[in-house]
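Each remark here refers to the structure printed beneath this line.
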Amino acid sequence: MIPQRFLPKNHRRILTYLVAGVLIAAVTLYLALPIVALFLRMTPDLFFATLHDPNVASALWLSLFTTVISLSVVILVGTPFAYFHSKYSYPGKVVVDTLIDLPLVLPPAVAGVALLVLYGRIGILGRYFNMLGISIAFTTLAVIMAQIFVASPFYLRQAKSLFEQLDPAYEQTARTLGASSMRTLVQVTIPMTATGLVSGAVMTFGRALGEFGATIMFAGNLPGVTQTMPLAVYVGMEGSNINAGLTISILLVIISFGIMIAVRLIQKREADRA
Amino acid sequence: MVKRLRDYTLDLTIRVKPGEIMTLMGLNGSGKSTTLNIIAGLLLPDSATITLRGECLCRTDDGTDVPTEYRRIGYVLQNSSVFPHMTVRDNVAFGLRTRHLQRSVITERVALWMDRMHISDLADVRAKNLSGGQKQRVALARALAIEPGLLMLDEPFAALDTESTQTVKDLTRRFVKDMQIPCILVTHRLSDSTEIGDRACVICQGRKEWEGIPGRMPELCTVCHCK
């Protein structure tokens, strides 16, 4: 390779463009080709026909049901938690901060094992629940708990950071105008951070929908009870129902695309507002 | 009031009469905003007695501490803090709605204050789209609409151009006099103090250095360098 400084200026520019073009094309193709291959493998007729497969339909509805419940819990509990966590100092706050981030780096299967060790039939807490006739592991509830454990950091981190960044003058003004803490939170703090919160919620939804490792460890793989879409893909591809696996994969790709577009639109709206 | 801060102790006694504008002056970090925050109930003092029209808002001796939302103090902060996601109308109505007044009363009073502050034509505009001067007039309308027992303004003219500054000054002075509200205006500009202040109080490192008629301040002001 001839060092660039010895090339004429025009050649240097062409070489730079060439290298940049090759890099961009390589990365784009590497990311896009598998997705394209997935769509090429299926015909639209087969896709729509497989959607009516009872296993596919059951996995789809179970995934949507559990993800909506998980997201609702994360928003309802996570929003006030993130608010208090960001506004107040308390002993061990750094530890809590680390715990919030931990599921992001923890392998999901490990998260599933940890949940199983705690809530399983002979788990540390699970044995007491079991004595009361309450079974958690290998139920739909376990699916929801696994999703919350793995996906909640996306929302909590976002909410925490938004509440920390909001100028306290807005909340202080609301208080001097007679608003209670709750009214201030609902009418001032949340609307002023809504765009970012929705963005965090969308990411949480996406992560919960795609949850696999923790779910299979903690909730198992029972069709209609704990077999979510990612698990159904695994079963389909492993067994004889490849079409079901492919159909659900395509569905998940479409939903993921939808999520990314939603996040982009929200971010664009936020940038326009700023 | 006494409040131990990082570099010094704020130790101040101030008294403001109805209809009087007292300008609180001093360098940045001299304790002006802290004083307002303690009066508003946003900061807890180490020791204080705060009385508004005979009603005790805070007395550390017996543990009296009226929560911020019940103090009925109109507080306009430096950056005006109008709620950007609300319209001008909703901003002005905010303090009235928290008091659960009748809808007709709220509508009437909001219209009155928007008219008084010359912002009626902006009623349905979102606050984030307003200019600095307009925001400050909305903040003033919002603070006065609740018919406060005390009006506090923290550097309200800091980010305004000359024309807007004059407008906000005129409106502030007019309604403080009309409504006979005691008013504390925090500023570091001598011109603000001489133009609309009835009395000035200069503080330095949390202590009162001088108090009197704003026009007679210059010599002392050099002591605190608050010009």
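So you can find residues: chains in the structure tokens are A, B, ... in the order shown, residues in each start at 1, and ligands are numbered from 1 in order.
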
Output as a ChimeraX atom specification the set of chain A residues within 12 Å of chain B, with distances taken over only C-alpha atoms.
/A:166-184,187-195,272-274

From the DSSP assignment of the backbone, select every residue of chain B that is alpha helix (DSSP H), and format the answer as a ChimeraX atom specification.
/B:32-40,88-97,103-116,132-145,162-179,190-196,218-224

Using only C-alpha atoms, can you tell me which of A:Met131, A:Ala82, A:Leu64, A:Val143 comes closest to Phe163 of chain A?
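Among A:Met131, A:Ala82, A:Leu64, A:Val143, it is A:Ala82 that comes nearest to Phe163 of chain A.
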
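Note that the spacing between atom CA of Val125 of chain B and atom CA of Asp154 of chain B amounts to 24.8 Å.
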
Residue contacts of His118 of chain B (10 Å, only C-alpha atoms) excluding same-chain residues fewer than 3 positions away, as a list in words:
Leu112, Trp113, Met114, Asp115, Asp121, Leu122, Gln134, Arg137, Val138, Ala141 and Leu171 of chain B

Quick one: residues within 6 Å of Gly133 of chain B, only C-alpha atoms counted, chain neighbours fewer than 2 positions away excluded, as a count of residues only?
5
